[in-house]
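K.L.:
Sharing a structure with you now.
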Amino acid sequence: MSRPKNQTYKGYGLSKGKEREQRGSVRFKTTLMNTLMDVLRHRPGWVEVKDWLRENFDHTYMDEHVRISHFRNHYELTRKNYMVKNLKRFRKQLEREAGKLEAAKCDFFPKTFEMPCEYHLFVEEFRKNPGITWIMKPVARSQGKGIFLFRRLKDIMDWRKGTAGKKPTSLEAQQARSTVNSSGGHDTRSSDDQKEEIPVENYVAQRYIENPYLIGGRKFDLRVYVLVMSYIPLRAWLYRDGFARFSNTRFTLSSIDDQYVHLTNVAVQKTSPDYHPKKGCKWMLQRFRQYLASKHGPEAVETLFSDMDNIFIKSLQSVQKVIISDKHCFELYGYDILIDQDLKPWLLEVNASPSLTASSREDYELKTCLLEDTLHVVDMEGRLTGREKRVGGFDLMWNDGPVSREEGAPDLSEMGNFVTNTHLGCVNDRKKQLRQLFRSLQGQKKASS
């Protein structure tokens with residue numbers, strides 16, 4: 001996205017004539033034909049361009065007014081193996097500098113090994129705990145592709161040889177296997193299929209959470225949105241809305257090959273014979289939070305959501321020194337969180353390009369509002385003061401330190417009554433807040449002119 005120099009868009013409250021005069025002040029380019037394109041094309045004063053920056057912008061000069069929706073090496077957080085590597089390193093750093101109690105705040109990801117490079121370490125751990133379930137995930141794929149569960153070392157040995165996943169029931173593992181057939185020749189499948197299948201690609205072997213919290217007997221995970229505007233200093237916003245994604249089949253550990261039991265990805269669940277397109281498999285986070293409060297009480301829910309806040313901040317801090325923090329860049333992350341029966345949250349992965357395709361009308365509204373508010377925070381039009389703690393559905397949770405929920409309170413977490421400025425799963429009266437915010441900003445501008 002870019003805004004030509006010396007042009008600003010006043011935003012809300014312009015007459016149609018003035019709006020037309022300002023039109024063209026922000027140019028954008030995207031290849032995604034989903035809710036993102038809908039939001040960009042309907043944003044006043046924004047114009048789509050055909051040719052702009054190259055995909056690889058490492059050596060491209062960018063003017064002051066240009067913004068890119070990814071950090072250059074975002075994979076340090078969003079590739080499963082790099083994420084775990086950085087979290088492990090950060091935990092050791094915290095233990096060295098702040099003690100074991102502080103380091104224990106990073107114990108929110110399951111025991112994980114990178115394969116094949118940590119294969120021997122994995123085998124040692126596997127033999128210490130025979131009979132437990134492990135899950136294998138390709139480090140750079142999404143939508144549940146290539147994932148399979150196992151309990152026998154033979155399964156992992158087969159995978160290591162590049163022959164695992166031959167069974168059609170093994171959680172789409174066949175998608176990640178070799179294209180060489182038993183006779184030594186190559187399959188006659190299309191080139192697109194062959195691109196997907198790489199012999200013994202990098203995976204992570206992760207201890208499977210065998211005691212997930214269940215609702216109606218079904219497993220679920222949470223999708224939560226975090227917007228990072230800067231890493232140095234770290235400036236991060238948490239969105240109030242999100243959703244729980246449910247599996248379509250009742251949970252059981254007796255059938256580890258059934259993807260509809262163990263994988264909550266919509267891309268997987270919508271292929272289930274029992275999937276209902278209109279009903280879907282999602283709850284909005286407000287409904288989920290209310291359900292938990294009715295079952296466990298508000299205090300337990302506050303503790304759970306506070307623990308999730310800790311996951312967001314610690315994971316971002318773990319890559320703060322390795323991410324290239326460019327003032328032209330911002331990133332909207334999709335966090336996947338699993339809750340266990342003890343109401344402990346676990347970080348499964350962080351997505352650099354969370355799905356913006358809507359699976360229902362409710363999903364469409366959530367994602368269009370999320371994107372609109374992301375653009376409000378990015379503020380290409382130059383309307384914000386930079387002191388805002390809330391913009392639409394986004395709450396500023398970290399600004400080179402924790403942000404207080406109380407207006408005017410010093411942002412020091414050492415205060416005994418400090419409450420972090422997060423409202424995940426709470427009421428999102430974004431339209432009312434935006435009207436008040438932009439009315440106030442216009443008033444301030446008139447008063448200063």
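Chain labels follow the order of the structure tokens: the first chain is A, the next B, and so on; residue numbering restarts at 1 in every chain, and ligands are counted from 1 in their shown order.
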Where does stretch 359-411 of chain A meet stretch 418-426 of chain A within 7 Å, residue by residue, with the nearest atom pair and distance in Å to one decimal for each, counting only C-alpha atoms, listed by chain and rising number, as a tab-separated table?

P.N.:
```
residue	atom	partner	partner_atom	distance
A:Asp395	CA	A:Thr422	CA	6.0
A:Leu396	CA	A:Asn421	CA	6.6
A:Met397	CA	A:Asn421	CA	5.3
A:Pro402	CA	A:Thr420	CA	6.6
A:Val403	CA	A:Asn421	CA	5.6
A:Ser404	CA	A:Thr420	CA	4.9
A:Arg405	CA	A:Asn421	CA	3.9
```

K.L.:
Using the selection just defined, write its residues with N, CA, C and O atoms as a compact mmCIF listing (two decimals), in the first residue's frame.

P.N.:
```txt
# COMPACT_ATOMS: atom_id res chain seq x y z
N ASP A 395 -7.27 -3.69 20.62
CA ASP A 395 -6.79 -3.07 21.86
C ASP A 395 -5.27 -3.17 21.89
O ASP A 395 -4.70 -4.24 21.63
N LEU A 396 -4.61 -2.05 22.19
CA LEU A 396 -3.15 -2.03 22.29
C LEU A 396 -2.73 -2.76 23.56
O LEU A 396 -3.01 -2.31 24.67
N MET A 397 -2.07 -3.92 23.42
CA MET A 397 -1.71 -4.70 24.62
C MET A 397 -0.24 -4.54 24.99
O MET A 397 0.15 -4.84 26.13
N PRO A 402 3.97 -3.48 28.91
CA PRO A 402 2.53 -3.75 29.04
C PRO A 402 1.72 -2.46 29.10
O PRO A 402 2.17 -1.46 29.66
N VAL A 403 0.54 -2.50 28.52
CA VAL A 403 -0.35 -1.33 28.48
C VAL A 403 -1.47 -1.53 29.50
O VAL A 403 -2.09 -2.59 29.55
N SER A 404 -1.72 -0.50 30.29
CA SER A 404 -2.75 -0.59 31.31
C SER A 404 -4.14 -0.39 30.71
O SER A 404 -4.32 0.40 29.79
N ARG A 405 -5.12 -1.13 31.26
CA ARG A 405 -6.50 -0.97 30.82
C ARG A 405 -7.08 0.36 31.27
O ARG A 405 -7.95 0.93 30.60
```

K.L.:
Which residues come within 8 Å of A:Phe122, counting only C-alpha atoms, excluding same-chain residues fewer than 4 positions away, as a list in words?

P.N.:
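Neighbouring residues, sequence-local ones excluded: Phe113, Glu118, Phe126 and Ala205 of chain A.
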
K.L.:
Could the residues in this selection be saved with N, CA and C atoms as an mmCIF file, in the first residue's frame?

P.N.:
```cif
data_model
loop_
_atom_site.group_PDB
_atom_site.id
_atom_site.type_symbol
_atom_site.label_atom_id
_atom_site.label_comp_id
_atom_site.auth_asym_id
_atom_site.auth_seq_id
_atom_site.Cartn_x
_atom_site.Cartn_y
_atom_site.Cartn_z
ATOM 1 N N PHE A 113 10.378 -31.783 18.598
ATOM 2 C CA PHE A 113 11.671 -32.082 17.986
ATOM 3 C C PHE A 113 11.576 -31.812 16.486
ATOM 4 N N GLU A 118 16.777 -33.753 14.480
ATOM 5 C CA GLU A 118 16.768 -34.134 15.903
ATOM 6 C C GLU A 118 16.163 -35.519 16.104
ATOM 7 N N PHE A 126 11.184 -40.610 23.058
ATOM 8 C CA PHE A 126 10.089 -41.538 22.751
ATOM 9 C C PHE A 126 10.174 -42.780 23.640
ATOM 10 N N ALA A 205 8.104 -33.281 15.212
ATOM 11 C CA ALA A 205 7.410 -34.319 15.979
ATOM 12 C C ALA A 205 7.079 -33.695 17.327
#
```

K.L.:
Need to verify the contact set: stretch 235-239 of chain A, 6 Å, only C-alpha atoms, exclusion of same-chain residues closer than 5 positions in sequence. Can you return it as an mmCIF file with N, CA, C and O atoms, in the first residue's frame?

P.N.:
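That gives us result.cif:
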```
data_model
loop_
_atom_site.group_PDB
_atom_site.id
_atom_site.type_symbol
_atom_site.label_atom_id
_atom_site.label_comp_id
_atom_site.auth_asym_id
_atom_site.auth_seq_id
_atom_site.Cartn_x
_atom_site.Cartn_y
_atom_site.Cartn_z
ATOM 1 N N TYR A 225 -6.378 -13.211 16.696
ATOM 2 C CA TYR A 225 -5.659 -12.318 15.794
ATOM 3 C C TYR A 225 -4.836 -11.283 16.563
ATOM 4 O O TYR A 225 -5.353 -10.580 17.440
ATOM 5 N N VAL A 226 -3.550 -11.202 16.207
ATOM 6 C CA VAL A 226 -2.628 -10.235 16.815
ATOM 7 C C VAL A 226 -1.989 -9.426 15.691
ATOM 8 O O VAL A 226 -1.465 -9.994 14.727
ATOM 9 N N LEU A 227 -2.028 -8.117 15.820
ATOM 10 C CA LEU A 227 -1.454 -7.213 14.823
ATOM 11 C C LEU A 227 -0.187 -6.585 15.394
ATOM 12 O O LEU A 227 -0.232 -5.934 16.438
ATOM 13 N N VAL A 228 0.934 -6.804 14.722
ATOM 14 C CA VAL A 228 2.210 -6.228 15.156
ATOM 15 C C VAL A 228 2.584 -5.103 14.195
ATOM 16 O O VAL A 228 2.715 -5.322 12.987
ATOM 17 N N MET A 229 2.735 -3.915 14.762
ATOM 18 C CA MET A 229 3.103 -2.754 13.953
ATOM 19 C C MET A 229 4.605 -2.504 13.965
ATOM 20 O O MET A 229 5.135 -1.823 13.092
ATOM 21 N N SER A 230 5.285 -3.038 14.984
ATOM 22 C CA SER A 230 6.729 -2.824 15.110
ATOM 23 C C SER A 230 7.286 -3.873 16.062
ATOM 24 O O SER A 230 6.610 -4.287 17.007
ATOM 25 N N GLY A 393 -12.004 -2.814 16.888
ATOM 26 C CA GLY A 393 -11.942 -4.032 17.688
ATOM 27 C C GLY A 393 -10.557 -4.345 18.220
ATOM 28 O O GLY A 393 -10.371 -5.357 18.917
ATOM 29 N N PHE A 394 -9.564 -3.519 17.919
ATOM 30 C CA PHE A 394 -8.198 -3.747 18.385
ATOM 31 C C PHE A 394 -7.917 -2.986 19.680
ATOM 32 O O PHE A 394 -8.243 -1.807 19.809
ATOM 33 N N ASP A 395 -7.271 -3.687 20.623
ATOM 34 C CA ASP A 395 -6.787 -3.069 21.859
ATOM 35 C C ASP A 395 -5.272 -3.167 21.888
ATOM 36 O O ASP A 395 -4.702 -4.244 21.627
ATOM 37 N N LEU A 396 -4.610 -2.052 22.192
ATOM 38 C CA LEU A 396 -3.151 -2.031 22.289
ATOM 39 C C LEU A 396 -2.734 -2.765 23.563
ATOM 40 O O LEU A 396 -3.014 -2.309 24.669
ATOM 41 N N MET A 397 -2.066 -3.918 23.422
ATOM 42 C CA MET A 397 -1.708 -4.698 24.616
ATOM 43 C C MET A 397 -0.237 -4.543 24.990
ATOM 44 O O MET A 397 0.145 -4.839 26.128
ATOM 45 N N TRP A 398 0.588 -4.086 24.058
ATOM 46 C CA TRP A 398 2.014 -3.932 24.359
ATOM 47 C C TRP A 398 2.570 -2.760 23.562
ATOM 48 O O TRP A 398 2.393 -2.683 22.354
ATOM 49 N N ASN A 399 3.205 -1.847 24.252
ATOM 50 C CA ASN A 399 3.792 -0.672 23.616
ATOM 51 C C ASN A 399 5.160 -0.437 24.250
ATOM 52 O O ASN A 399 5.324 0.426 25.097
#
```

K.L.:
Could you work out how far atom CA of A:Phe109 lies from atom CA of A:Leu94, giving the answer in Å with one decimal?

P.N.:
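Computed distance, atom CA of A:Leu94 to atom CA of A:Phe109, equals 15.8 Å.
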
K.L.:
Extract, using only C-alpha atoms, all DNA, RNA and protein residues at most 7 Å from stretch 75-85 of chain A, discarding same-chain residues fewer than 2 positions from it, and format them as a ChimeraX atom specification.

P.N.:
/A:73,87-89,114,139-140,204,319,323,349-352

K.L.:
Filtering to all heavy atoms, could you give me those residues as an mmCIF file, in the first residue's frame?

P.N.:
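The resulting file, selection25.cif, is shown below:
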```cif
data_model
loop_
_atom_site.group_PDB
_atom_site.id
_atom_site.type_symbol
_atom_site.label_atom_id
_atom_site.label_comp_id
_atom_site.auth_asym_id
_atom_site.auth_seq_id
_atom_site.Cartn_x
_atom_site.Cartn_y
_atom_site.Cartn_z
ATOM 1 N N ASN A 73 11.391 -11.461 7.391
ATOM 2 C CA ASN A 73 11.673 -12.839 7.827
ATOM 3 C C ASN A 73 10.659 -13.287 8.878
ATOM 4 O O ASN A 73 11.020 -13.814 9.926
ATOM 5 C CB ASN A 73 13.108 -12.966 8.359
ATOM 6 C CG ASN A 73 13.388 -12.025 9.534
ATOM 7 O OD1 ASN A 73 12.731 -11.003 9.689
ATOM 8 N ND2 ASN A 73 14.351 -12.383 10.365
ATOM 9 N N LEU A 87 11.534 -20.090 20.719
ATOM 10 C CA LEU A 87 10.942 -20.168 22.054
ATOM 11 C C LEU A 87 11.869 -20.876 23.038
ATOM 12 O O LEU A 87 12.005 -20.461 24.195
ATOM 13 C CB LEU A 87 9.587 -20.867 21.990
ATOM 14 C CG LEU A 87 8.422 -20.035 21.467
ATOM 15 C CD1 LEU A 87 7.206 -20.908 21.195
ATOM 16 C CD2 LEU A 87 8.067 -18.920 22.451
ATOM 17 N N LYS A 88 12.516 -21.953 22.590
ATOM 18 C CA LYS A 88 13.467 -22.660 23.453
ATOM 19 C C LYS A 88 14.637 -21.757 23.828
ATOM 20 O O LYS A 88 15.077 -21.719 24.987
ATOM 21 C CB LYS A 88 13.976 -23.918 22.752
ATOM 22 C CG LYS A 88 12.962 -25.057 22.666
ATOM 23 C CD LYS A 88 13.562 -26.251 21.928
ATOM 24 C CE LYS A 88 12.590 -27.420 21.877
ATOM 25 N NZ LYS A 88 13.151 -28.571 21.120
ATOM 26 N N ARG A 89 15.156 -21.042 22.846
ATOM 27 C CA ARG A 89 16.273 -20.128 23.105
ATOM 28 C C ARG A 89 15.861 -19.020 24.066
ATOM 29 O O ARG A 89 16.603 -18.689 25.006
ATOM 30 C CB ARG A 89 16.765 -19.530 21.781
ATOM 31 C CG ARG A 89 17.861 -18.489 21.937
ATOM 32 C CD ARG A 89 18.174 -17.811 20.614
ATOM 33 N NE ARG A 89 16.990 -17.347 19.923
ATOM 34 C CZ ARG A 89 16.296 -16.265 20.273
ATOM 35 N NH1 ARG A 89 16.657 -15.551 21.324
ATOM 36 N NH2 ARG A 89 15.237 -15.903 19.581
ATOM 37 N N GLU A 114 12.641 -31.225 15.947
ATOM 38 C CA GLU A 114 12.683 -30.997 14.504
ATOM 39 C C GLU A 114 13.224 -32.242 13.816
ATOM 40 O O GLU A 114 14.249 -32.802 14.226
ATOM 41 C CB GLU A 114 13.563 -29.793 14.167
ATOM 42 C CG GLU A 114 13.563 -29.476 12.678
ATOM 43 C CD GLU A 114 14.336 -28.219 12.336
ATOM 44 O OE1 GLU A 114 14.837 -27.534 13.246
ATOM 45 O OE2 GLU A 114 14.451 -27.928 11.124
ATOM 46 N N VAL A 139 6.769 -28.526 8.486
ATOM 47 C CA VAL A 139 7.065 -27.227 9.101
ATOM 48 C C VAL A 139 6.490 -26.052 8.325
ATOM 49 O O VAL A 139 6.267 -24.981 8.897
ATOM 50 C CB VAL A 139 8.594 -27.029 9.263
ATOM 51 C CG1 VAL A 139 9.173 -28.102 10.153
ATOM 52 C CG2 VAL A 139 9.300 -26.985 7.912
ATOM 53 N N ALA A 140 6.225 -26.220 7.037
ATOM 54 C CA ALA A 140 5.852 -25.053 6.230
ATOM 55 C C ALA A 140 4.556 -25.234 5.456
ATOM 56 O O ALA A 140 4.327 -24.559 4.471
ATOM 57 C CB ALA A 140 6.989 -24.718 5.260
ATOM 58 N N VAL A 204 8.051 -31.387 12.256
ATOM 59 C CA VAL A 204 8.265 -31.398 13.705
ATOM 60 C C VAL A 204 7.475 -32.572 14.268
ATOM 61 O O VAL A 204 6.351 -32.851 13.833
ATOM 62 C CB VAL A 204 7.847 -30.078 14.389
ATOM 63 C CG1 VAL A 204 8.781 -28.949 14.028
ATOM 64 C CG2 VAL A 204 6.400 -29.717 14.093
ATOM 65 N N VAL A 319 11.090 -13.629 19.252
ATOM 66 C CA VAL A 319 11.650 -13.345 17.924
ATOM 67 C C VAL A 319 11.961 -11.861 17.744
ATOM 68 O O VAL A 319 12.363 -11.438 16.657
ATOM 69 C CB VAL A 319 10.683 -13.801 16.798
ATOM 70 C CG1 VAL A 319 10.491 -15.305 16.841
ATOM 71 C CG2 VAL A 319 9.332 -13.082 16.897
ATOM 72 N N ILE A 323 13.698 -10.849 14.138
ATOM 73 C CA ILE A 323 12.867 -10.310 13.049
ATOM 74 C C ILE A 323 13.452 -8.984 12.581
ATOM 75 O O ILE A 323 13.847 -8.143 13.398
ATOM 76 C CB ILE A 323 11.409 -10.091 13.525
ATOM 77 C CG1 ILE A 323 10.723 -11.419 13.828
ATOM 78 C CG2 ILE A 323 10.616 -9.307 12.483
ATOM 79 C CD1 ILE A 323 10.207 -12.176 12.638
ATOM 80 N N GLU A 349 0.489 -23.121 16.767
ATOM 81 C CA GLU A 349 1.279 -22.473 15.721
ATOM 82 C C GLU A 349 0.814 -21.037 15.532
ATOM 83 O O GLU A 349 -0.233 -20.625 16.039
ATOM 84 C CB GLU A 349 1.187 -23.237 14.400
ATOM 85 C CG GLU A 349 -0.186 -23.264 13.771
ATOM 86 C CD GLU A 349 -0.179 -23.980 12.423
ATOM 87 O OE1 GLU A 349 0.591 -23.562 11.526
ATOM 88 O OE2 GLU A 349 -0.949 -24.936 12.263
ATOM 89 N N VAL A 350 1.624 -20.279 14.785
ATOM 90 C CA VAL A 350 1.299 -18.895 14.445
ATOM 91 C C VAL A 350 1.302 -18.793 12.921
ATOM 92 O O VAL A 350 2.259 -19.228 12.271
ATOM 93 C CB VAL A 350 2.321 -17.904 15.050
ATOM 94 C CG1 VAL A 350 1.902 -16.468 14.745
ATOM 95 C CG2 VAL A 350 2.467 -18.112 16.554
ATOM 96 N N ASN A 351 0.236 -18.246 12.358
ATOM 97 C CA ASN A 351 0.080 -18.157 10.905
ATOM 98 C C ASN A 351 0.376 -16.739 10.418
ATOM 99 O O ASN A 351 -0.186 -15.770 10.930
ATOM 100 C CB ASN A 351 -1.346 -18.541 10.510
ATOM 101 C CG ASN A 351 -1.660 -19.986 10.867
ATOM 102 O OD1 ASN A 351 -1.364 -20.899 10.122
ATOM 103 N ND2 ASN A 351 -2.243 -20.201 12.045
ATOM 104 N N ALA A 352 1.246 -16.648 9.414
ATOM 105 C CA ALA A 352 1.578 -15.342 8.836
ATOM 106 C C ALA A 352 0.495 -14.862 7.884
ATOM 107 O O ALA A 352 0.332 -13.674 7.676
ATOM 108 C CB ALA A 352 2.913 -15.416 8.098
#
```

K.L.:
Given the choices A:Arg141, A:Arg439, A:Lys219, A:Arg245, which gets closest to A:Asp340 if the distance is worked out from only C-alpha atoms?

P.N.:
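Looking at the shortest contact to A:Asp340, the residue is A:Lys219.
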
K.L.:
Hey, what does DSSP flag as strand (DSSP E) within stretch 253-418 of chain A? Can you give it to me as JSON, numbers by chain?

P.N.:
{"A": [282, 283, 284, 331, 332, 333, 334, 335, 336, 337, 338, 339, 345, 346, 347, 348, 349, 350, 351, 390, 391, 394, 395, 396, 397, 398, 399]}

K.L.:
Nearest to A:Tyr208: which of A:Arg96, A:Lys314, A:Arg240, A:His262 is it, counting only C-alpha atoms?

P.N.:
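Checking each of A:Arg96, A:Lys314, A:Arg240, A:His262 against A:Tyr208, counting only C-alpha atoms, the winner is A:His262.
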
K.L.:
Would you please work out which residue, of A:Phe288, A:Phe71, A:Tyr231, A:Trp46, is nearest to A:Cys329 when using only C-alpha atoms?

P.N.:
A:Phe71

K.L.:
For a test of reading the model, state the distance in Å between atom CA of A:Phe330 and atom CA of A:Ser69, rounded to one decimal.

P.N.:
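Interatomic distance here is 5.1 Å.
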